[in-house]
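*Asks:* Have a peek at coords_28.pdb (PDB, C-alpha atoms).
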MODEL        1
ATOM      1  CA  MET A   4     -19.177 213.565  41.309
ATOM      2  CA  LEU A   5     -17.965 213.698  37.699
ATOM      3  CA  ARG A   6     -19.081 217.297  37.474
ATOM      4  CA  ARG A   7     -16.775 218.224  40.358
ATOM      5  CA  LEU A   8     -13.841 216.365  38.776
ATOM      6  CA  ALA A   9     -14.301 217.911  35.307
ATOM      7  CA  PRO A  10     -12.179 221.016  36.090
ATOM      8  CA  LEU A  11      -9.423 218.755  37.424
ATOM      9  CA  PHE A  12      -9.456 216.667  34.219
ATOM     10  CA  LEU A  13      -9.325 219.865  32.159
ATOM     11  CA  VAL A  14      -6.280 221.153  34.044
ATOM     12  CA  ALA A  15      -4.572 217.748  33.820
ATOM     13  CA  SER A  16      -5.175 217.537  30.071
ATOM     14  CA  VAL A  17      -3.503 220.904  29.589
ATOM     15  CA  PHE A  18      -0.411 220.261  31.728
ATOM     16  CA  LEU A  19       0.277 216.526  31.523
ATOM     17  CA  PRO A  20       1.095 216.342  27.797
ATOM     18  CA  GLY A  21       3.852 218.896  28.326
ATOM     19  CA  LEU A  22       5.216 216.967  31.273
ATOM     20  CA  ALA A  23       5.130 213.659  29.434
ATOM     21  CA  GLY A  24       7.345 215.047  26.662
ATOM     22  CA  ALA A  25       9.679 217.034  28.910
ATOM     23  CA  ASP A  26      12.480 214.456  28.692
ATOM     24  CA  ARG A  27      12.104 213.627  24.998
ATOM     25  CA  PRO A  28      15.185 214.393  22.924
ATOM     26  CA  ARG A  29      15.293 217.841  21.371
ATOM     27  CA  SER A  30      15.430 218.267  17.610
ATOM     28  CA  VAL A  31      17.045 221.548  16.584
ATOM     29  CA  LEU A  32      17.969 223.027  13.217
ATOM     30  CA  ASP A  33      21.390 224.663  13.277
ATOM     31  CA  GLU A  34      20.677 227.585  10.973
ATOM     32  CA  GLN A  35      24.349 228.371  10.371
ATOM     33  CA  THR A  36      25.357 224.873   9.253
ATOM     34  CA  GLY A  37      22.004 223.587   7.954
ATOM     35  CA  SER A  38      22.342 220.445  10.080
ATOM     36  CA  THR A  39      19.541 219.036  12.195
ATOM     37  CA  LEU A  40      20.600 217.957  15.671
ATOM     38  CA  VAL A  41      18.736 215.428  17.811
ATOM     39  CA  ILE A  42      20.030 215.757  21.366
ATOM     40  CA  ALA A  43      19.454 213.750  24.538
ATOM     41  CA  THR A  44      18.015 216.235  27.007
ATOM     42  CA  GLN A  45      20.131 215.316  30.036
ATOM     43  CA  PRO A  46      23.856 214.608  30.173
ATOM     44  CA  TRP A  47      25.289 211.656  32.068
ATOM     45  CA  THR A  48      27.451 213.580  34.506
ATOM     46  CA  PHE A  49      30.590 212.369  36.256
ATOM     47  CA  ALA A  50      32.237 214.292  39.090
ATOM     48  CA  ARG A  51      35.502 214.259  41.008
ATOM     49  CA  ASP A  52      36.219 216.253  44.154
ATOM     50  CA  GLU A  53      39.412 218.337  43.989
ATOM     51  CA  PRO A  54      40.083 219.366  47.627
ATOM     52  CA  GLN A  55      43.766 220.067  46.881
ATOM     53  CA  LEU A  56      42.648 222.966  44.653
ATOM     54  CA  ALA A  57      40.022 224.611  46.863
ATOM     55  CA  VAL A  58      37.369 223.861  49.422
ATOM     56  CA  HIS A  59      34.363 222.247  47.696
ATOM     57  CA  ALA A  60      36.170 222.237  44.327
ATOM     58  CA  ARG A  61      34.821 219.679  41.893
ATOM     59  CA  ASP A  62      35.525 218.826  38.264
ATOM     60  CA  TYR A  63      32.743 217.543  36.033
ATOM     61  CA  VAL A  64      32.498 215.651  32.778
ATOM     62  CA  GLY A  65      29.115 215.374  31.062
ATOM     63  CA  LEU A  66      28.273 212.991  28.189
ATOM     64  CA  GLN A  67      25.301 213.818  25.996
ATOM     65  CA  ALA A  68      24.235 211.835  22.938
ATOM     66  CA  VAL A  69      23.661 213.785  19.728
ATOM     67  CA  GLU A  70      22.763 212.807  16.190
ATOM     68  CA  ILE A  71      23.776 215.182  13.413
ATOM     69  CA  ASN A  72      21.855 215.017  10.146
ATOM     70  CA  THR A  73      23.599 216.907   7.370
ATOM     71  CA  ALA A  74      21.979 216.615   3.930
ATOM     72  CA  GLY A  75      20.473 213.240   4.874
ATOM     73  CA  LYS A  76      23.694 211.771   6.309
ATOM     74  CA  ARG A  77      22.965 210.830   9.920
ATOM     75  CA  SER A  78      25.836 210.285  12.372
ATOM     76  CA  GLN A  79      25.821 209.790  16.126
ATOM     77  CA  PHE A  80      28.270 211.310  18.562
ATOM     78  CA  LEU A  81      28.854 211.827  22.239
ATOM     79  CA  ALA A  82      29.053 215.513  23.046
ATOM     80  CA  VAL A  83      31.349 215.705  26.071
ATOM     81  CA  PHE A  84      31.520 218.751  28.292
ATOM     82  CA  PHE A  85      34.313 219.529  30.764
ATOM     83  CA  TRP A  86      33.820 222.128  33.494
ATOM     84  CA  SER A  87      34.754 222.862  37.081
ATOM     85  CA  THR A  88      33.484 224.738  40.109
ATOM     86  CA  ILE A  89      36.713 226.749  39.974
ATOM     87  CA  ASP A  90      38.227 228.499  36.975
ATOM     88  CA  ARG A  91      40.156 225.735  35.154
ATOM     89  CA  ARG A  92      39.450 226.752  31.571
ATOM     90  CA  GLY A  93      43.142 226.503  30.740
ATOM     91  CA  ASP A  94      43.088 222.820  31.682
ATOM     92  CA  TYR A  95      40.627 222.077  28.900
ATOM     93  CA  ALA A  96      42.361 224.052  26.167
ATOM     94  CA  GLY A  97      44.209 222.436  23.320
ATOM     95  CA  GLU A  98      43.825 218.892  22.079
ATOM     96  CA  THR A  99      40.704 216.856  22.682
ATOM     97  CA  PRO A 100      41.403 214.488  25.573
ATOM     98  CA  ARG A 101      40.994 210.728  25.265
ATOM     99  CA  ILE A 102      38.353 209.233  27.538
ATOM    100  CA  GLU A 103      38.094 205.718  28.913
ATOM    101  CA  LEU A 104      34.724 204.425  30.020
ATOM    102  CA  ALA A 105      34.379 201.345  32.197
ATOM    103  CA  VAL A 106      30.941 200.077  31.192
ATOM    104  CA  ASP A 107      30.162 197.112  33.445
ATOM    105  CA  ASP A 108      32.983 194.697  32.543
ATOM    106  CA  ARG A 109      33.976 196.388  29.273
ATOM    107  CA  ARG A 110      36.577 199.110  28.714
ATOM    108  CA  ILE A 111      35.686 201.570  25.963
ATOM    109  CA  VAL A 112      38.162 204.169  24.746
ATOM    110  CA  LEU A 113      36.643 207.267  23.189
ATOM    111  CA  SER A 114      39.116 208.816  20.800
ATOM    112  CA  PRO A 115      38.529 212.275  19.446
ATOM    113  CA  GLY A 116      37.448 212.616  15.857
ATOM    114  CA  ALA A 117      39.407 214.655  13.357
ATOM    115  CA  ALA A 118      36.636 217.224  12.886
ATOM    116  CA  THR A 119      35.686 220.135  15.109
ATOM    117  CA  PRO A 120      32.081 220.525  16.322
ATOM    118  CA  ARG A 121      31.637 223.252  13.699
ATOM    119  CA  GLU A 122      32.893 220.984  10.893
ATOM    120  CA  LEU A 123      30.460 218.290  12.058
ATOM    121  CA  GLY A 124      27.503 220.685  11.884
ATOM    122  CA  ILE A 125      27.314 222.259  15.360
ATOM    123  CA  SER A 126      27.934 225.997  15.123
ATOM    124  CA  GLN A 127      26.846 226.572  18.725
ATOM    125  CA  TRP A 128      25.435 224.168  21.328
ATOM    126  CA  PRO A 129      21.670 224.820  21.246
ATOM    127  CA  LEU A 130      20.829 223.735  24.812
ATOM    128  CA  PRO A 131      21.938 225.374  28.042
ATOM    129  CA  LEU A 132      25.501 224.356  28.875
ATOM    130  CA  PRO A 133      25.661 221.896  31.774
ATOM    131  CA  GLY A 134      28.085 224.096  33.715
ATOM    132  CA  LYS A 135      29.642 227.537  33.757
ATOM    133  CA  ALA A 136      32.427 227.823  31.163
ATOM    134  CA  ALA A 137      31.842 224.233  29.998
ATOM    135  CA  ARG A 138      34.064 223.244  27.092
ATOM    136  CA  LEU A 139      32.570 221.042  24.346
ATOM    137  CA  PHE A 140      34.343 218.148  22.609
ATOM    138  CA  VAL A 141      32.686 215.706  20.209
ATOM    139  CA  TYR A 142      33.512 211.999  19.991
ATOM    140  CA  PRO A 143      32.335 209.639  17.241
ATOM    141  CA  ALA A 144      29.870 207.041  18.501
ATOM    142  CA  ASP A 145      27.113 204.868  17.105
ATOM    143  CA  ALA A 146      23.787 203.547  18.330
ATOM    144  CA  THR A 147      25.408 200.291  19.516
ATOM    145  CA  LEU A 148      27.883 202.103  21.769
ATOM    146  CA  ILE A 149      25.193 204.428  23.108
ATOM    147  CA  ARG A 150      22.958 201.396  23.807
ATOM    148  CA  GLN A 151      25.817 199.663  25.707
ATOM    149  CA  ILE A 152      26.188 202.703  27.932
ATOM    150  CA  ALA A 153      22.423 203.143  28.383
ATOM    151  CA  GLU A 154      21.880 199.499  29.362
ATOM    152  CA  SER A 155      24.868 199.251  31.710
ATOM    153  CA  ARG A 156      24.691 198.765  35.457
ATOM    154  CA  VAL A 157      27.872 200.667  36.367
ATOM    155  CA  VAL A 158      29.750 203.297  34.375
ATOM    156  CA  THR A 159      32.895 205.115  35.450
ATOM    157  CA  LEU A 160      35.107 207.444  33.474
ATOM    158  CA  ARG A 161      38.870 207.885  33.398
ATOM    159  CA  LEU A 162      40.983 210.510  31.658
ATOM    160  CA  PRO A 163      44.239 208.756  30.658
ATOM    161  CA  ASP A 164      45.858 212.107  29.809
ATOM    162  CA  ASP A 165      44.848 213.621  33.153
ATOM    163  CA  ARG A 166      46.983 216.700  33.810
ATOM    164  CA  ASP A 167      46.708 216.239  37.586
ATOM    165  CA  GLY A 168      48.234 212.767  37.353
ATOM    166  CA  ASP A 169      45.093 211.398  39.033
ATOM    167  CA  GLN A 170      44.278 208.063  37.421
ATOM    168  CA  GLU A 171      41.359 207.308  39.739
ATOM    169  CA  PRO A 172      38.075 206.666  37.951
ATOM    170  CA  ILE A 173      35.550 209.465  38.022
ATOM    171  CA  ALA A 174      32.210 208.271  39.393
ATOM    172  CA  THR A 175      28.705 209.011  38.186
ATOM    173  CA  TRP A 176      27.217 212.117  39.759
ATOM    174  CA  LYS A 177      23.933 212.233  37.771
ATOM    175  CA  ASP A 178      22.855 209.161  35.866
ATOM    176  CA  GLY A 179      21.917 209.805  32.233
ATOM    177  CA  ARG A 180      20.676 206.300  31.422
ATOM    178  CA  ALA A 181      17.024 207.297  30.860
ATOM    179  CA  ALA A 182      17.952 210.200  28.561
ATOM    180  CA  LEU A 183      20.161 207.895  26.456
ATOM    181  CA  LYS A 184      17.338 205.346  26.150
ATOM    182  CA  ASP A 185      14.914 208.102  25.087
ATOM    183  CA  PHE A 186      17.484 209.322  22.562
ATOM    184  CA  LEU A 187      17.845 205.841  21.044
ATOM    185  CA  ALA A 188      14.071 205.405  20.831
ATOM    186  CA  GLU A 189      13.846 208.725  18.985
ATOM    187  CA  ILE A 190      16.600 208.129  16.430
ATOM    188  CA  LEU A 191      15.861 204.457  15.804
ATOM    189  CA  GLY A 192      12.107 205.072  15.815
TER     190      GLY A 192
ENDMDL
END
Translate this file's structure into structure tokens.
*Replies:*
Amino acid sequence: MLRRLAPLFLVASVFLPGLAGADRPRSVLDEQTGSTLVIATQPWTFARDEPQLAVHARDYVGLQAVEINTAGKRSQFLAVFFWSTIDRRGDYAGETPRIELAVDDRRIVLSPGAATPRELGISQWPLPLPGKAARLFVYPADATLIRQIAESRVVTLRLPDDRDGDQEPIATWKDGRAALKDFLAEILG
């Protein structure tokens, strides 16, 4: 019996370690800035249907935790991506938008930092962008804030400076809770 299962164990030992680490945060050296980035592998994605713009039009906002280590100084951020199923690149040009998160019963306002992604140590986002023509903004965060989001029951997002005048909260489309927890385990070790 064991002899017949041996090939199965061999195959499992080759493939399972890769699967077990598939969702672990990625650590990447940005060769242009010299910074090391630790990135949650999956964004927490919010979506809002925009039927007034086109059939099946949808806007997305993705939050992805990142730690930037530059010369030993470690700082955490939320990398936030904006994209749409239709061409709305002009909507995301200019100033970094403020974001409000409703995390269970708390309201958290994410204000843009003064530095650009490049100035923080990100010359180019090293993972595949979450959507076509996604625009990246970086918001200061810390492990406590990221933990609050990761351990929440309900999270919605609102854009107070919404150009469409739509103040409705944007609901979760793909939950990123597990990726945030994995990220925290990696950086806090």
*Asks:* One number please: atom CA of A:Ala117 to atom CA of A:Phe140, in Å, one decimal.
*Replies:*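 Those two atoms sit 11.1 Å apart.
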*Asks:* Would you write out, as an MDAnalysis selection string, every residue that the PyMOL selection byres ((chain A and resi 107) around 9) captures in this file?
*Replies:* chainID A and resid 105:106 108:110 152 155:159
*Asks:* For atom CA of A:Gln67 and atom CA of A:Lys177, quote the distance in Å rounded to one decimal.
*Replies:*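 Between atom CA of A:Gln67 and atom CA of A:Lys177 the gap works out to 12.0 Å.
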*Asks:* Quote the spacing between atom CA of A:Leu148 and atom CA of A:Ser38 in Å to one decimal place.
*Replies:* 22.4 Å
*Asks:* Starting from the PyMOL selection byres ((chain A and resi 64) around 7), expand the selection into actual residues of this file and give them as a ChimeraX atom specification.
*Replies:* /A:48-50,63,65-66,83-86
*Asks:* Tell me, as number ranges by chain, which residues lie within 12 Å of A:Arg121, counting all atoms listed in the file; anything in the same chain fewer than 3 positions away does not count.
*Replies:* A: 33, 35-38, 71, 117-118, 124-128, 139-141
*Asks:* Given the file shown, determine the residues that the PyMOL selection byres ((chain A and resi 183) around 8) selects; report them as a list of chain:residue names.
*Replies:*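 Given this file, the PyMOL selection byres ((chain A and resi 183) around 8) evaluates to A:Ala43, A:Gln67, A:Ala68, A:Ile149, A:Arg150, A:Ala153, A:Gly179, A:Arg180, A:Ala181, A:Ala182, A:Lys184, A:Asp185, A:Phe186, A:Leu187.
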*Asks:* Just the residues within 9 Å of A:Ala144, please, counting all atoms listed in the file, with nothing from its chain fewer than 6 positions along; format it as a list in words.
*Replies:*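 Near A:Ala144, the qualifying residues are Ala68, Ser78, Gln79, Phe80, Leu81 and Leu113 of chain A.
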*Asks:* Dig up all the protein and nucleic acid residues within 8 Å of (40.0, 212.7, 30.8) in the file frame, using all atoms listed in the file, and format them as an MDAnalysis selection string.
*Replies:* chainID A and resid 100:103 160:165
*Asks:* Smallest atom-to-atom distance to A:Ala174: which of A:Glu189, A:Asp62, A:Asp26, A:Asp145, using only C-alpha atoms?
*Replies:*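 Among A:Glu189, A:Asp62, A:Asp26, A:Asp145, it is A:Asp62 that comes nearest to A:Ala174.
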*Asks:* Can you find the residues with an atom no farther than 6 Å from (37.6, 227.2, 44.0), counting all atoms listed in the file, and report them as a PyMOL selection string?
*Replies:* chain A and resi 57+60+89
*Asks:* Kindly save the residues from that selection, with C-alpha atoms included, as a short mmCIF file (atom, residue, chain, number, x, y, z; two decimals), in the coordinates of the input.
*Replies:*
data_model
loop_
_atom_site.label_atom_id
_atom_site.label_comp_id
_atom_site.auth_asym_id
_atom_site.auth_seq_id
_atom_site.Cartn_x
_atom_site.Cartn_y
_atom_site.Cartn_z
CA ALA A 57 40.02 224.61 46.86
CA ALA A 60 36.17 222.24 44.33
CA ILE A 89 36.71 226.75 39.97
#
